[in-house]
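Presented below is the structure to which this report refers.
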Amino acid sequence: MKVEELLTSNPVERAKRPKHVYAEPGSVWTPEQLRTFLSLAGSHRLFAFFHLAAYTGARRGELVNLRWSNVDFVGKTITIAGSAGVVDGERIEGTTKSGRIRVVSIDDETVAVLWEHQARQEADKAAAGEEWSGDKDLHVFTTGFGRPIYPDTVTQLIRDLVKAHNAAQSSAERLPFARLHDLRHVHATTLLLAGVPVHVVAARLGHADPAITLRVYAHVIRSAEASAADVFAQALKGTP
């Protein structure tokens, strides 16, 4: 006689989810290469987007979603309150990746860049006239008619700018091709190598836990640790 082999409990309930593996970013631009890129992007109407991405480490969707009401020129901060993406060809706005709102400080140069960008946007509005469609809570980065830009616009633009630059340069002066997301990596890497505490970098990037930053940028941490012994020795000798 065949007996049904029934289990008293579901083994799936005891199974543990696999841990998420945070891949380390590949090679990114050096500060000098970043300066070169920002220089060649300086004349474009969306230059401020690339500057802000590099100087804050904010994600693409977070900056595409940014509104002028989120910019505090006096306090020198921007508030990352949401994110924008594209689903089935439609631009969708929602919360940030972590679901949290964060405030990121900006420097004086970035404040000046945003002031100039706002003035350029006002010029676009005047030129568009009745065709201007920007709403009251205007996005920082818009088309020439006031509509918020699509995320893919800036993703493709960085490729086009680098490609155009490299076509006119010798091999030694060409920029390595980089993704828009690599500007975020440049920001984080530069801060960590400069000795900025991991929890501060994590807060700027919007990581829910500094442990995420440690895992993603483990190679940078290891590089900084390599010189830790010399730093300690020099400190005891009273050498700056």
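Labeling convention for the structure tokens: chains A, B, ... as they appear, residues from 1 per chain, ligands from 1 in order of appearance.
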Run DSSP on the backbone of this structure and report the residues of stretch 21-237 of chain A it assigns to helix (DSSP H, G or I), as a PyMOL selection string.
chain A and resi 31-41+47-56+60-65+68-70+108-131+151-167+171-173+182-193+198-205+210-216+218-225+228-236
Identify, on the basis of only C-alpha atoms, every residue whose closest approach to stretch 81-88 of chain A does not exceed 10 Å; exclude the query and any residue fewer than 2 positions from it along the same chain; express the result as a ChimeraX atom specification.
/A:59-67,70,78-79,90-103,148-152
Can you pull out every residue within 7 Å of A:Leu161, counting only C-alpha atoms, but drop anything in the same chain fewer than 4 positions away, and send it as a list in words?
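Result of the neighbour search: Ala41, Leu157 and His165 of chain A.
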Given only C-alpha atoms as the basis, pick out the residue of A:Gln121, A:Asn166, A:Gln234, A:Thr30 nearest to A:Ala54.
A:Thr30
With a distance cut-off of 12 Å and only C-alpha atoms, select the neighbouring residues of stretch 44-48 of chain A, excluding the residue or stretch itself and same-chain residues fewer than 6 positions from it, and output the selection as a PyMOL selection string.
chain A and resi 37-38+54-56+63-64+109-121+123-124+140-144+148-149+153-155+157-158+160-161
For the residues in the current selection, export N, CA and C atoms as a CSV table (one decimal), in the first residue's frame.
chain,number,residue,atom,x,y,z
A,37,PHE,N,35.7,66.9,-17.6
A,37,PHE,CA,34.3,66.6,-18.0
A,37,PHE,C,33.4,67.8,-17.7
A,38,LEU,N,33.5,68.3,-16.5
A,38,LEU,CA,32.6,69.5,-16.1
A,38,LEU,C,33.0,70.7,-17.0
A,54,ALA,N,27.9,65.4,-9.3
A,54,ALA,CA,29.3,65.2,-8.9
A,54,ALA,C,29.5,65.7,-7.5
A,55,TYR,N,29.0,66.8,-7.1
A,55,TYR,CA,29.3,67.5,-5.9
A,55,TYR,C,28.4,67.1,-4.7
A,56,THR,N,27.3,66.3,-5.0
A,56,THR,CA,26.5,65.8,-3.9
A,56,THR,C,26.4,64.3,-3.8
A,63,LEU,N,17.8,63.7,-8.5
A,63,LEU,CA,18.1,65.0,-9.1
A,63,LEU,C,17.0,65.4,-10.1
A,64,VAL,N,16.6,64.4,-10.9
A,64,VAL,CA,15.6,64.7,-11.9
A,64,VAL,C,14.3,65.1,-11.2
A,109,GLU,N,30.4,77.3,-4.6
A,109,GLU,CA,30.5,77.2,-6.0
A,109,GLU,C,29.2,76.5,-6.6
A,110,THR,N,28.7,75.5,-5.9
A,110,THR,CA,27.5,74.8,-6.3
A,110,THR,C,26.3,75.8,-6.2
A,111,VAL,N,26.3,76.6,-5.1
A,111,VAL,CA,25.2,77.6,-5.0
A,111,VAL,C,25.2,78.5,-6.2
A,112,ALA,N,26.4,79.0,-6.6
A,112,ALA,CA,26.5,79.9,-7.7
A,112,ALA,C,26.1,79.2,-9.0
A,113,VAL,N,26.4,77.9,-9.2
A,113,VAL,CA,26.0,77.2,-10.4
A,113,VAL,C,24.5,77.1,-10.4
A,114,LEU,N,23.8,76.9,-9.3
A,114,LEU,CA,22.4,76.8,-9.3
A,114,LEU,C,21.7,78.1,-9.5
A,115,TRP,N,22.3,79.2,-9.0
A,115,TRP,CA,21.8,80.5,-9.3
A,115,TRP,C,21.8,80.8,-10.8
A,116,GLU,N,22.9,80.5,-11.4
A,116,GLU,CA,23.1,80.7,-12.8
A,116,GLU,C,22.1,79.8,-13.6
A,117,HIS,N,21.9,78.6,-13.2
A,117,HIS,CA,21.0,77.7,-13.8
A,117,HIS,C,19.5,78.2,-13.7
A,118,GLN,N,19.2,78.7,-12.6
A,118,GLN,CA,17.9,79.3,-12.4
A,118,GLN,C,17.6,80.5,-13.3
A,119,ALA,N,18.6,81.3,-13.5
A,119,ALA,CA,18.5,82.5,-14.3
A,119,ALA,C,18.3,82.0,-15.8
A,120,ARG,N,19.1,81.0,-16.2
A,120,ARG,CA,18.9,80.4,-17.5
A,120,ARG,C,17.5,79.9,-17.7
A,121,GLN,N,17.0,79.2,-16.7
A,121,GLN,CA,15.6,78.7,-16.8
A,121,GLN,C,14.6,79.8,-16.9
A,123,ALA,N,15.1,82.6,-18.4
A,123,ALA,CA,15.3,83.0,-19.8
A,123,ALA,C,14.5,82.1,-20.7
A,124,ASP,N,14.6,80.8,-20.4
A,124,ASP,CA,13.8,79.8,-21.2
A,124,ASP,C,12.3,80.1,-21.1
A,140,VAL,N,13.9,71.7,-10.9
A,140,VAL,CA,15.1,72.4,-11.2
A,140,VAL,C,15.6,72.1,-12.6
A,141,PHE,N,15.4,70.8,-13.1
A,141,PHE,CA,15.9,70.5,-14.4
A,141,PHE,C,14.8,70.2,-15.3
A,142,THR,N,14.6,71.1,-16.3
A,142,THR,CA,13.4,71.0,-17.2
A,142,THR,C,13.9,71.1,-18.6
A,143,THR,N,12.9,70.9,-19.5
A,143,THR,CA,13.2,71.2,-20.9
A,143,THR,C,13.1,72.7,-21.1
A,144,GLY,N,13.2,73.1,-22.4
A,144,GLY,CA,13.1,74.5,-22.7
A,144,GLY,C,11.7,75.1,-22.5
A,148,PRO,N,9.5,68.6,-16.8
A,148,PRO,CA,10.6,67.9,-16.2
A,148,PRO,C,11.3,67.0,-17.2
A,149,ILE,N,12.6,66.9,-17.1
A,149,ILE,CA,13.3,66.0,-18.1
A,149,ILE,C,13.2,64.6,-17.7
A,153,THR,N,17.5,61.2,-20.5
A,153,THR,CA,18.1,62.4,-21.2
A,153,THR,C,19.5,62.6,-20.7
A,154,VAL,N,19.8,62.7,-19.4
A,154,VAL,CA,21.1,63.0,-18.9
A,154,VAL,C,22.0,61.8,-19.0
A,155,THR,N,21.4,60.6,-19.0
A,155,THR,CA,22.2,59.3,-19.1
A,155,THR,C,22.9,59.3,-20.5
A,157,LEU,N,23.3,62.0,-22.5
A,157,LEU,CA,24.0,63.2,-22.7
A,157,LEU,C,25.5,63.0,-22.2
A,158,ILE,N,25.7,62.4,-21.1
A,158,ILE,CA,27.1,62.2,-20.6
A,158,ILE,C,27.9,61.4,-21.6
A,160,ASP,N,27.3,61.3,-24.9
A,160,ASP,CA,27.5,62.1,-26.1
A,160,ASP,C,28.6,63.1,-25.9
A,161,LEU,N,28.6,63.7,-24.7
A,161,LEU,CA,29.6,64.7,-24.4
A,161,LEU,C,31.1,64.1,-24.4
One decimal, in Å: what's the spacing between atom CA of A:Val74 and atom CA of A:Asp182?
29.0 Å
Closest of A:Leu52, A:Ala226, A:Val104, A:Leu175 to A:Asp72 - atom-to-atom distances counting only C-alpha atoms
A:Val104
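Proximity ranking of A:Ala208, A:Ala233, A:Ile80, A:Val216 relative to A:Ser105 places A:Ile80 first, based on only C-alpha atoms.
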Could you give me, as a PyMOL selection string, the residues within 10 Å of stretch 196-203 of chain A, counting only C-alpha atoms and dropping anything in the same chain fewer than 3 positions from it?
chain A and resi 56-57+102-104+187-193+206-214+217+221
If you run DSSP on this backbone, which residues of stretch 1-230 of chain A come out as strand (DSSP E or B), and could you give them as a list of chain:residue names?
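Residues meeting the strand (DSSP E or B) criterion: A:Arg67, A:Val71, A:Asp72, A:Thr77, A:Ile78, A:Thr79, A:Ile80, A:Ser83, A:Ala84, A:Gly85, A:Val86, A:Val87, A:Glu90, A:Arg91, A:Ile92, A:Glu93, A:Gly94, A:Arg102, A:Val103, A:Val104, A:Ser105, A:His139, A:Thr142, A:Pro148.
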Could the residues in this selection be written to a file with C-alpha atoms, as a short mmCIF file (atom, residue, chain, number, x, y, z; two decimals), in the first residue's frame?
data_model
loop_
_atom_site.label_atom_id
_atom_site.label_comp_id
_atom_site.auth_asym_id
_atom_site.auth_seq_id
_atom_site.Cartn_x
_atom_site.Cartn_y
_atom_site.Cartn_z
CA ARG A 67 12.37 71.11 -7.26
CA VAL A 71 16.93 74.20 -2.72
CA ASP A 72 17.99 76.43 0.18
CA THR A 77 21.53 72.69 1.23
CA ILE A 78 19.31 70.65 -1.04
CA THR A 79 16.59 68.36 0.27
CA ILE A 80 16.30 65.01 -1.48
CA SER A 83 12.91 60.19 -7.02
CA ALA A 84 11.75 59.90 -10.63
CA GLY A 85 11.96 57.02 -13.06
CA VAL A 86 10.35 55.68 -16.21
CA VAL A 87 7.88 52.78 -16.26
CA GLU A 90 5.86 57.02 -18.60
CA ARG A 91 7.71 59.28 -16.19
CA ILE A 92 6.83 58.27 -12.62
CA GLU A 93 7.71 60.06 -9.38
CA GLY A 94 7.91 58.42 -5.97
CA ARG A 102 17.67 63.65 3.49
CA VAL A 103 19.34 67.05 3.49
CA VAL A 104 22.68 67.39 1.68
CA SER A 105 25.00 70.35 2.12
CA HIS A 139 11.51 71.24 -11.20
CA THR A 142 13.44 70.99 -17.17
CA PRO A 148 10.63 67.93 -16.21
#
Using only C-alpha atoms, determine which residues lie at most 7 Å from A:Gly146, disregarding the query and same-chain residues fewer than 6 positions distant; provide the list as a list in words.
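Near neighbours after the sequence-gap exclusion: Trp132, Ser133 and Gly134 of chain A.
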May I ask which of the residues A:Leu205, A:Ala126, A:Asp107, A:Val220 is the closest one to A:Leu183, counting only C-alpha atoms?
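Looking only at the distances to A:Leu183, the closest residue turns out to be A:Leu205.
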